[in-house]
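**Student:** One structure, pasted below without further comment.
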Amino acid sequence: MSYRPSSVSNWYRYVSTMFRQTTGLLKQPRYLSFLGQKPWRFNSSSAKERALLYKAGEKIHGFTVNQVTDVPDLFLTAVKLTHDNTGARYLHVARDDSNNLFSVQFRTTPMDSTGVPHILEHTVLCGSEKFPCRDPFFKMLNRSLSTFMNAFTASDYTMYPFSTQNGKDFQNLLSVYLDAVFFPCLRELDFWQEGWRLEHENPTDPNAPLVFKGVVFNEMKGSFTDNERLYAQHLQNKLYPDHTYSVVSGGEPLDIPELSWEQLKQFHATHYHPSNARFFTYGNLPLEQHLKQIQEEALSRFQRTEPQTAVPPQTHWSNPREHHVTCGPDSLAPDPSKQNTVCVSYLLGDITDTFEAFTLNLLSSLMVTGPNSPFYKALIEAKIGTDFSSVVGFDGSIKEASFSVGLQGIAEKDIETVKEIIFRTVNEVIANGFEEERIEALLHKIEIQMKHQSTSFGLSLASYIATCWNHDGDPVEVLKISDKVTRFRQCLQDNPHFLQEKVKQYFKDNPHRLTLSMSPDESYFEKQAQAEEEKLKQKVSALSEEDKKLIYEKGLHLMAAQSTTQDASCLPALKVSDIQPTIPFTPVEMGNAGDVPVQYCAQPTNGMVYFRAMCSLNTLPEELKIYVPLFCNVITKLGCGVMDYRQQSQQIELKTGGMSVSPQIIPDATDLDVYEQGVLLSSSSLERNVPDMMRLWSEIINTACFDDEERLRVLVMMSAQELANGIPDSGHTYAMIRAARNLTPAGDLQETFDGMDQVKLMKRIAEMSNLTPILRKFPRIKKHLFNPENMRCAVNATPQMMSEASLEVEKLMNLIARKKKERKHVRPNIIEKPLDPLVGSSFSPGPSRKLISDPTFKPCQMKTYFQLPFPVNYVSECIRAVPFADQDYASLQILARLMTAKFLHGEIREKGGAYGGGARMGQGGLFAFYSYRDPNSITTLTAFRKGVEWAKAGKFTQQDIDEAKLSVFSAVDAPIAPSNKGISQFLNGIPDEMKQKHREQLFAVTHKSLVEVANKYLGIGQRTCGLAILGPPNESINKNPSWVVR
């Protein structure tokens, strides 16, 4: 489950969100979702065609069909229905996609900041009428092959989506979800665990001090340590002060303890009713079956009500307003003296006017996106701040849209300057308008996003239509994107000043304008802690002796309930025998472009071509390595050849779906001390633009510009700010990377590229007054990287396009300058491995990968504590285990899932109150424990150890093992988009045959093998481990000399 404040999530962004693949890597460890897709079959006897046969007025299982709409651009048919008895709304999107999705959403409009919709979202998933066991949501993660399971609380709705490729699994999950939302138990114990409670610090000691506990309470404390999120919340509350948007739907930590169990149950009764519900299904499964099940298992028990949940329009102001708020200081800010944020926000129109919202979203992109946009030029390039404010551009995630623009990382004295620049830029846009080429680039972006096949299309659609539908808009209208593009072009043709007039109407002449500034307060966290202490005193002083006795007894009762093994036999489950025994193999062909090996993978890419090139880092001098991530970030943004960075950005937008360069550290599948290091070039384009895409790569590779220090400074400040801002959301990832640092050579490089070392390096570079020394490093890095002798390429395209694509790749390779002298590898220990381990041999080498071996590497234990001004911890312990191809890897993979579900979840989340925690076996051969937004640190490390003892003692059943296998296979069998087919062989050297062998090893895991690997790798004395914590000052760690405190 997760809370999504609207200004942060911006779900309704027409141009990007709908088509973007939802990856969300581990941001909330509770729901590790592995999204992908089966092969696309647009021309088969299709679900889309079958759905076109429905007729308006047709009655099906208690529903009436209202409308059937063909949306050919998105290869789908939309069927809109209403439930006859309750008025529940239903949208079915039929599409030839086996990754079927269900979601139900309720309009939830709280009028206080106790977090009632958020706590309710957690609590309904803790047991229901048919499935009374505790926490069926988590248990279903291990009894299903779901590709996604979650729940979200937004500002004005709560959504419960899941997706799966298995029809029987769909019915199982649908039963659990329907029963959870309509007939939950809502036990008081679950409210205490998930929401808030007063409890003794040590629940077994009645003399221990009373403290606040609760999963949502801790989650929101952690959430508001993120200054970007805090700012976004304040902005929404103050721009829409009249109704539900003036409160924190996720819960303000100090208001949460005002919520009672009775109020929670009352909110469920008034908001979670079919008359206030919107059902959505997507995919190739038949609609009738869904309707029959929803009618029989839920809706047949309800009658229509008139929900009082509508949000009235915000009263428009006659005069602009200004507000100021404070936040905690950021110890990692690029410039500690510049930590202010200021932003101007405008209230726009109702998002149910879908064309106006589409137009305003496009207008917003033209105004703030990329180096050619007027606000980028005026604000970012003025170099008075580090980046745009956390809320920027169009936000259509609530009833009335808004547009915001401002800067973060500014000095207090520059706040007025920023406001002046914003108002001046609005006037300049009204006077000058936009270049036609920029508008074309934006419309080209929409065309690409409509053609790109994402593996989570159903989830993207559900999110995309949610807001408009939530406020009684037409969700089908939202899907007609081509119609809107056509109408938009017509408006521009009819009136060349169309966009300028919108800018004048919504910005210059709009008095509903909020200017919000935020500055750091050195004692902010102290004041927060003090306020919590006061709230606690107030609560405790109101207690009688009888109340205190009751709290102690309830604490013991809750602990006993949390420690009781639950009987989950009431829950439906797939069996291991439901898992496909074999994987479909993806055919790839190897060719050459000059001397460069190229992998070709023919796929139904819908008129798109995907290009990748892997470039080795083996000849790069060690002292340059730490600058590789920055080099990758800026190489496509500095200009090249005759183009400055603005022209380059324009060409990339006009001709491609994006061009990126990213550092790669790829552990070997057979040896923990061997890895490949490189950078990956990635891009995509429409078929007609492949020559242009390759020309752009050739210019970046051969003639990148490294002479614009001012441009580099802008990019450095933005990057440093982004890294600093990302820590509250990704603290557990940083902890895992640091804990792994001294366990493998690849782990050491990972910390350099992606860990706290990189965050601190970027802070140091941002503080440099002269960036010339950094610029001088880039040509040296480029010279070592972009050499055809150290490259390999991959192309995914339609079969018809392959010959043309191969010619273009060959042209590109011929244009890349070959280096005159042979560059020596910096490390002498290079191991060549065939790209396809099953083909290459010493007699017939074929294309190969050059990996680094470090025979001198000695793993060692290290314990690192990063002291940060957060009220919560991120804790990790990593253990050196075995590589992917080792037969024990599969057992460790199952064990990690088993320990998470059957032991660590209960200890870290239910008892400990952390937002998330668990164990995972990484492809780098490391077994990692982690916790996320955790009120504890040392206690959590003890829970990790207890988990190992539990595993060594074999305290789990065959049913537990089978559930862990289902959970692991749901990740292993995650659908893969056509653009990514064959890529694991290209990048990791793991062909389908090796995957199939690993699959067989997973099936073969037994109770005996699990106990064996727990003893062999995880026990004290058997293991080499690293520990890391990011969190608030901790006295016991500071006194312990075995910890390095940073």
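Every chain in the structure tokens has a letter given in the order shown (A, B, ...), and although residue numbers restart at 1 in each chain, ligands are simply numbered from 1 in the order shown.
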Find the residues near Gln867 of chain A: any atom within 9 Å, counting only C-alpha atoms, skip ones fewer than 2 places away on the same chain, and give them as a list in words.
**Tutor:**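 Returned residues: Tyr865, Pro869, Phe870, Ile1029, Leu1030, Gly1031, Pro1032, Pro1033, Asn1034, Val1045 and Arg1046 of chain A.
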**Student:** Could you write out that same residue set with N, CA and C atoms as a short mmCIF file (atom, residue, chain, number, x, y, z; two decimals), in the first residue's frame?
**Tutor:**
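Output contents, as saved in again.cif:
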data_model
loop_
_atom_site.label_atom_id
_atom_site.label_comp_id
_atom_site.auth_asym_id
_atom_site.auth_seq_id
_atom_site.Cartn_x
_atom_site.Cartn_y
_atom_site.Cartn_z
N TYR A 865 27.61 3.67 9.48
CA TYR A 865 26.42 4.39 9.93
C TYR A 865 26.44 5.80 9.34
N PRO A 869 19.50 13.65 9.21
CA PRO A 869 18.45 14.26 10.04
C PRO A 869 17.06 13.69 9.73
N PHE A 870 16.92 12.36 9.80
CA PHE A 870 15.62 11.73 9.56
C PHE A 870 15.10 11.16 10.88
N ILE A 1029 23.56 1.46 8.02
CA ILE A 1029 22.33 2.11 8.49
C ILE A 1029 22.37 3.57 8.08
N LEU A 1030 21.27 4.07 7.55
CA LEU A 1030 21.09 5.51 7.38
C LEU A 1030 20.02 5.91 8.38
N GLY A 1031 20.29 6.90 9.23
CA GLY A 1031 19.26 7.24 10.20
C GLY A 1031 19.67 8.35 11.15
N PRO A 1032 18.80 8.62 12.15
CA PRO A 1032 19.06 9.72 13.08
C PRO A 1032 20.21 9.38 14.03
N PRO A 1033 20.76 10.37 14.73
CA PRO A 1033 21.86 10.10 15.67
C PRO A 1033 21.50 8.95 16.61
N ASN A 1034 22.48 8.06 16.85
CA ASN A 1034 22.23 6.86 17.65
C ASN A 1034 23.39 6.69 18.63
N VAL A 1045 31.20 5.77 11.64
CA VAL A 1045 30.10 6.75 11.58
C VAL A 1045 30.48 7.84 10.58
N ARG A 1046 29.59 8.07 9.59
CA ARG A 1046 29.87 9.05 8.53
C ARG A 1046 28.97 10.26 8.69
#
**Student:** Among the residues of segment 662-818 of chain A, find those DSSP assigns to alpha helix (DSSP H) from the backbone and print them as number ranges by chain.
**Tutor:** A: 690-703, 709-739, 745-754, 756-767, 772-785, 802-815
**Student:** For Ile983 of chain A, which residue among A:Pro859, A:Val968, A:Met643, A:Val588 is the nearest when counting only C-alpha atoms?
**Tutor:**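 Answer, going by the shortest atom-to-atom distance: A:Val588.
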**Student:** With 10 Å as the cut-off and only C-alpha atoms counted, what is the closest atom pair between each nearby residue of segment 100-175 of chain A and segment 260-269 of chain A? Distances in Å to one decimal, ordered by chain and number, as a Markdown table.
**Tutor:**
| residue | atom | partner | partner_atom | distance |
| --- | --- | --- | --- | --- |
| A:Thr108 | CA | A:Phe267 | CA | 8.7 |
| A:Thr109 | CA | A:Phe267 | CA | 9.6 |
| A:Pro110 | CA | A:Phe267 | CA | 8.6 |
| A:Thr114 | CA | A:Ser260 | CA | 9.3 |
| A:Gly115 | CA | A:Leu264 | CA | 9.7 |
| A:Val116 | CA | A:Leu264 | CA | 6.2 |
| A:Pro117 | CA | A:Phe267 | CA | 7.8 |
| A:Ile119 | CA | A:Leu264 | CA | 8.0 |
| A:Leu120 | CA | A:Leu264 | CA | 6.5 |
| A:Glu121 | CA | A:His268 | CA | 9.6 |
| A:Thr123 | CA | A:Leu264 | CA | 9.3 |
| A:Val124 | CA | A:His268 | CA | 9.0 |
**Student:** Those residues with N, CA and C atoms, as a PDB file, in the first residue's frame please?
**Tutor:**
ATOM      1  N   THR A 108     -12.637   9.050  -2.035  1.00  0.00           N
ATOM      2  CA  THR A 108     -12.450   9.194  -0.588  1.00  0.00           C
ATOM      3  C   THR A 108     -12.036  10.628  -0.307  1.00  0.00           C
ATOM      4  N   THR A 109     -12.927  11.376   0.362  1.00  0.00           N
ATOM      5  CA  THR A 109     -12.725  12.811   0.539  1.00  0.00           C
ATOM      6  C   THR A 109     -12.752  13.163   2.019  1.00  0.00           C
ATOM      7  N   PRO A 110     -11.621  12.984   2.704  1.00  0.00           N
ATOM      8  CA  PRO A 110     -11.586  13.280   4.144  1.00  0.00           C
ATOM      9  C   PRO A 110     -11.664  14.779   4.397  1.00  0.00           C
ATOM     10  N   THR A 114      -6.332  13.234   9.814  1.00  0.00           N
ATOM     11  CA  THR A 114      -6.034  12.044  10.640  1.00  0.00           C
ATOM     12  C   THR A 114      -5.563  10.863   9.791  1.00  0.00           C
ATOM     13  N   GLY A 115      -5.609  11.011   8.463  1.00  0.00           N
ATOM     14  CA  GLY A 115      -5.147   9.924   7.590  1.00  0.00           C
ATOM     15  C   GLY A 115      -6.151   8.796   7.462  1.00  0.00           C
ATOM     16  N   VAL A 116      -7.432   9.093   7.699  1.00  0.00           N
ATOM     17  CA  VAL A 116      -8.440   8.018   7.728  1.00  0.00           C
ATOM     18  C   VAL A 116      -8.490   7.212   6.433  1.00  0.00           C
ATOM     19  N   PRO A 117      -8.434   7.820   5.210  1.00  0.00           N
ATOM     20  CA  PRO A 117      -8.496   6.962   4.007  1.00  0.00           C
ATOM     21  C   PRO A 117      -7.253   6.089   3.875  1.00  0.00           C
ATOM     22  N   ILE A 119      -5.225   4.974   6.433  1.00  0.00           N
ATOM     23  CA  ILE A 119      -5.240   3.904   7.445  1.00  0.00           C
ATOM     24  C   ILE A 119      -6.296   2.857   7.071  1.00  0.00           C
ATOM     25  N   LEU A 120      -7.418   3.319   6.498  1.00  0.00           N
ATOM     26  CA  LEU A 120      -8.462   2.382   6.058  1.00  0.00           C
ATOM     27  C   LEU A 120      -7.925   1.500   4.924  1.00  0.00           C
ATOM     28  N   GLU A 121      -7.195   2.109   3.990  1.00  0.00           N
ATOM     29  CA  GLU A 121      -6.606   1.336   2.875  1.00  0.00           C
ATOM     30  C   GLU A 121      -5.727   0.210   3.418  1.00  0.00           C
ATOM     31  N   THR A 123      -6.008  -1.111   6.508  1.00  0.00           N
ATOM     32  CA  THR A 123      -6.734  -1.997   7.426  1.00  0.00           C
ATOM     33  C   THR A 123      -7.696  -2.931   6.704  1.00  0.00           C
ATOM     34  N   VAL A 124      -8.291  -2.486   5.584  1.00  0.00           N
ATOM     35  CA  VAL A 124      -9.211  -3.396   4.874  1.00  0.00           C
ATOM     36  C   VAL A 124      -8.463  -4.619   4.347  1.00  0.00           C
TER      37      VAL A 124
END
**Student:** Please list as an NGL selection string every residue within 9 Å of Pro745 of chain A, counting only C-alpha atoms and excluding residues in the same chain fewer than 4 positions away.
**Tutor:** :A and (672-675 or 741 or 749-750 or 853-854 or 857-859)
**Student:** Those same residues, written as a CSV table (one decimal), in the first residue's frame with C-alpha atoms?
**Tutor:**
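Final output, again_9.csv:
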chain,number,residue,atom,x,y,z
A,672,LEU,CA,31.5,-13.7,-7.6
A,673,ASP,CA,34.9,-12.0,-8.2
A,674,VAL,CA,34.4,-11.4,-11.9
A,675,TYR,CA,32.3,-8.7,-13.4
A,741,ARG,CA,30.7,-2.6,-0.7
A,749,LEU,CA,32.4,-0.3,-8.0
A,750,GLN,CA,28.6,-0.2,-7.3
A,853,SER,CA,38.7,-10.6,-12.6
A,854,ASP,CA,40.3,-9.6,-9.3
A,857,PHE,CA,40.2,-9.3,-3.8
A,858,LYS,CA,39.6,-10.2,-0.2
A,859,PRO,CA,36.0,-9.7,1.1
**Student:** So which bits of segment 596-792 of chain A end up strand (DSSP E) when you DSSP the backbone, as a PyMOL selection string?
**Tutor:** chain A and resi 596-602+608-616+659-667+674-686+791-792
**Student:** Go ahead and save the picked residues with C-alpha atoms, as a short mmCIF file (atom, residue, chain, number, x, y, z; two decimals), in the first residue's frame.
**Tutor:**
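Result saved to again.cif:
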data_model
loop_
_atom_site.label_atom_id
_atom_site.label_comp_id
_atom_site.auth_asym_id
_atom_site.auth_seq_id
_atom_site.Cartn_x
_atom_site.Cartn_y
_atom_site.Cartn_z
CA VAL A 596 31.48 -4.97 -33.85
CA PRO A 597 29.18 -7.84 -32.84
CA VAL A 598 25.44 -7.03 -33.17
CA GLN A 599 22.54 -9.02 -31.70
CA TYR A 600 19.31 -8.82 -33.73
CA CYS A 601 16.00 -9.71 -32.10
CA ALA A 602 12.94 -9.58 -34.38
CA MET A 608 9.54 1.25 -33.33
CA VAL A 609 13.27 0.43 -33.47
CA TYR A 610 15.25 -0.01 -30.22
CA PHE A 611 19.04 0.36 -30.30
CA ARG A 612 21.61 -0.36 -27.58
CA ALA A 613 25.41 -0.34 -27.52
CA MET A 614 27.53 -1.61 -24.64
CA CYS A 615 30.95 0.08 -24.34
CA SER A 616 33.63 -1.38 -22.06
CA MET A 659 18.76 8.92 -25.97
CA SER A 660 20.48 7.93 -22.75
CA VAL A 661 23.85 6.71 -21.51
CA SER A 662 24.06 4.80 -18.21
CA PRO A 663 26.86 3.12 -16.22
CA GLN A 664 26.69 -0.69 -16.06
CA ILE A 665 28.18 -3.11 -13.54
CA ILE A 666 27.25 -6.64 -14.55
CA PRO A 667 28.23 -9.47 -12.16
CA VAL A 674 34.37 -11.45 -11.91
CA TYR A 675 32.26 -8.67 -13.44
CA GLU A 676 31.82 -6.56 -16.56
CA GLN A 677 32.05 -2.77 -16.37
CA GLY A 678 30.82 -0.44 -19.06
CA VAL A 679 28.30 2.14 -20.17
CA LEU A 680 25.14 1.41 -22.12
CA LEU A 681 23.89 3.64 -24.93
CA SER A 682 20.10 3.28 -25.34
CA SER A 683 17.67 4.91 -27.74
CA SER A 684 14.52 4.29 -29.75
CA SER A 685 12.87 5.85 -32.76
CA LEU A 686 10.09 5.42 -35.26
CA MET A 791 31.68 -2.27 -28.18
CA ARG A 792 28.77 -4.57 -28.93
#
**Student:** Determine, counting only C-alpha atoms, which protein, DNA and RNA residues have an atom within 12 Å of an atom of Gln800 of chain A; residues of the same chain fewer than 4 positions away are not included. Present the result as a list in words.
**Tutor:**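 Contacts, in chain order: Cys601, Ala602, Gln603, Pro604, Thr605, Asn606, Gly607, Met608, Val609, Glu687, Asn796, Glu804, Ala805 and Ser806 of chain A.
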**Student:** Give me the residues within 12 Å of Ile465 of chain A as a PyMOL selection string, counting only C-alpha atoms and dropping any in the same chain fewer than 5 places off.
**Tutor:** chain A and resi 11-14+17-18+91+93+103+105+159+278-280+351-352+354+396-398+458-460+470-480
**Student:** Find the residues near Arg920 of chain A: any atom within 12 Å, counting only C-alpha atoms, skip ones fewer than 5 places away on the same chain, and give them as a PyMOL selection string.
**Tutor:** chain A and resi 26+29+32+736+876-879+881+889-901+904+925-931+964+968
**Student:** Excluding Tyr1017 of chain A and any residue of its chain fewer than 2 positions from it, enumerate the residues within 10 Å of it, using only C-alpha atoms, and give them as a PyMOL selection string.
**Tutor:** chain A and resi 879-882+888+892+927+948+1012-1015+1019-1024
**Student:** Those same residues, written as an mmCIF file, in the first residue's frame with N, CA, C and O atoms?
**Tutor:**
data_model
loop_
_atom_site.group_PDB
_atom_site.id
_atom_site.type_symbol
_atom_site.label_atom_id
_atom_site.label_comp_id
_atom_site.auth_asym_id
_atom_site.auth_seq_id
_atom_site.Cartn_x
_atom_site.Cartn_y
_atom_site.Cartn_z
ATOM 1 N N ILE A 879 25.207 -10.380 2.810
ATOM 2 C CA ILE A 879 26.067 -11.544 3.042
ATOM 3 C C ILE A 879 26.554 -12.076 1.693
ATOM 4 O O ILE A 879 25.757 -12.235 0.757
ATOM 5 N N ARG A 880 27.838 -12.335 1.596
ATOM 6 C CA ARG A 880 28.417 -12.893 0.366
ATOM 7 C C ARG A 880 27.947 -14.342 0.239
ATOM 8 O O ARG A 880 28.140 -15.146 1.157
ATOM 9 N N ALA A 881 27.332 -14.669 -0.903
ATOM 10 C CA ALA A 881 26.772 -16.019 -1.073
ATOM 11 C C ALA A 881 27.336 -16.673 -2.338
ATOM 12 O O ALA A 881 28.529 -16.982 -2.379
ATOM 13 N N VAL A 882 26.492 -16.852 -3.367
ATOM 14 C CA VAL A 882 26.940 -17.586 -4.573
ATOM 15 C C VAL A 882 26.436 -16.887 -5.835
ATOM 16 O O VAL A 882 25.426 -16.189 -5.796
ATOM 17 N N ASP A 888 23.087 -23.592 -5.607
ATOM 18 C CA ASP A 888 22.525 -23.102 -4.349
ATOM 19 C C ASP A 888 21.795 -21.762 -4.508
ATOM 20 O O ASP A 888 21.081 -21.329 -3.600
ATOM 21 N N LEU A 892 18.670 -20.184 -2.217
ATOM 22 C CA LEU A 892 18.779 -18.912 -1.491
ATOM 23 C C LEU A 892 17.694 -17.925 -1.937
ATOM 24 O O LEU A 892 17.178 -17.143 -1.135
ATOM 25 N N PHE A 927 23.220 -12.006 -0.536
ATOM 26 C CA PHE A 927 21.949 -12.187 0.161
ATOM 27 C C PHE A 927 21.761 -10.956 1.035
ATOM 28 O O PHE A 927 22.585 -10.671 1.903
ATOM 29 N N VAL A 948 17.633 -15.691 10.561
ATOM 30 C CA VAL A 948 18.597 -16.728 10.146
ATOM 31 C C VAL A 948 18.437 -17.969 11.030
ATOM 32 O O VAL A 948 18.414 -19.102 10.530
ATOM 33 N N GLU A 1012 19.942 -26.402 4.479
ATOM 34 C CA GLU A 1012 21.383 -26.520 4.179
ATOM 35 C C GLU A 1012 21.988 -25.165 3.800
ATOM 36 O O GLU A 1012 23.036 -24.787 4.305
ATOM 37 N N VAL A 1013 21.318 -24.429 2.894
ATOM 38 C CA VAL A 1013 21.918 -23.148 2.479
ATOM 39 C C VAL A 1013 21.879 -22.133 3.621
ATOM 40 O O VAL A 1013 22.788 -21.303 3.747
ATOM 41 N N ALA A 1014 20.841 -22.195 4.469
ATOM 42 C CA ALA A 1014 20.781 -21.278 5.618
ATOM 43 C C ALA A 1014 21.985 -21.514 6.529
ATOM 44 O O ALA A 1014 22.635 -20.569 6.982
ATOM 45 N N ASN A 1015 22.299 -22.774 6.780
ATOM 46 C CA ASN A 1015 23.451 -23.105 7.635
ATOM 47 C C ASN A 1015 24.772 -22.808 6.946
ATOM 48 O O ASN A 1015 25.715 -22.311 7.555
ATOM 49 N N GLY A 1019 24.836 -18.587 8.508
ATOM 50 C CA GLY A 1019 25.164 -18.760 9.924
ATOM 51 C C GLY A 1019 26.422 -17.998 10.314
ATOM 52 O O GLY A 1019 27.310 -17.755 9.498
ATOM 53 N N ILE A 1020 26.519 -17.602 11.601
ATOM 54 C CA ILE A 1020 27.724 -16.931 12.109
ATOM 55 C C ILE A 1020 28.918 -17.854 11.864
ATOM 56 O O ILE A 1020 28.843 -19.047 12.087
ATOM 57 N N GLY A 1021 30.030 -17.276 11.417
ATOM 58 C CA GLY A 1021 31.211 -18.104 11.155
ATOM 59 C C GLY A 1021 31.264 -18.575 9.714
ATOM 60 O O GLY A 1021 32.340 -18.719 9.140
ATOM 61 N N GLN A 1022 30.063 -18.777 9.100
ATOM 62 C CA GLN A 1022 30.043 -19.245 7.698
ATOM 63 C C GLN A 1022 30.015 -18.046 6.744
ATOM 64 O O GLN A 1022 30.133 -18.210 5.557
ATOM 65 N N ARG A 1023 29.799 -16.840 7.270
ATOM 66 C CA ARG A 1023 29.443 -15.755 6.367
ATOM 67 C C ARG A 1023 30.434 -14.601 6.424
ATOM 68 O O ARG A 1023 31.075 -14.379 7.440
ATOM 69 N N THR A 1024 30.536 -13.895 5.297
ATOM 70 C CA THR A 1024 31.220 -12.604 5.285
ATOM 71 C C THR A 1024 30.129 -11.584 5.022
ATOM 72 O O THR A 1024 29.429 -11.689 4.011
#
**Student:** Select, from A:Pro773, A:Gly127, A:Pro788, A:Pro320, the residue with the minimum atom-to-atom distance to Val181 of chain A, counting only C-alpha atoms.
**Tutor:** A:Gly127
**Student:** Per residue of segment 901-998 of chain A within 8 Å of segment 213-220 of chain A, what are the shortest atom pair and its distance in Å to one decimal, counting only C-alpha atoms, with rows by chain and residue number, as JSON lines?
**Tutor:**
{"residue": "A:Arg909", "atom": "CA", "partner": "A:Val215", "partner_atom": "CA", "distance": 7.1}
{"residue": "A:Glu910", "atom": "CA", "partner": "A:Val215", "partner_atom": "CA", "distance": 7.6}
{"residue": "A:Gly913", "atom": "CA", "partner": "A:Val215", "partner_atom": "CA", "distance": 4.8}
{"residue": "A:Ala914", "atom": "CA", "partner": "A:Val215", "partner_atom": "CA", "distance": 6.1}
{"residue": "A:Tyr915", "atom": "CA", "partner": "A:Glu219", "partner_atom": "CA", "distance": 5.6}
{"residue": "A:Arg933", "atom": "CA", "partner": "A:Glu219", "partner_atom": "CA", "distance": 6.3}
{"residue": "A:Asp934", "atom": "CA", "partner": "A:Asn218", "partner_atom": "CA", "distance": 7.3}
{"residue": "A:Pro935", "atom": "CA", "partner": "A:Asn218", "partner_atom": "CA", "distance": 6.9}
**Student:** Under the rule that only C-alpha atoms are counted, which of A:His200, A:Phe944, A:Ala1028, A:Leu987 is the nearest residue to Glu553 of chain A?
**Tutor:**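 The closest residue to Glu553 of chain A is A:His200.
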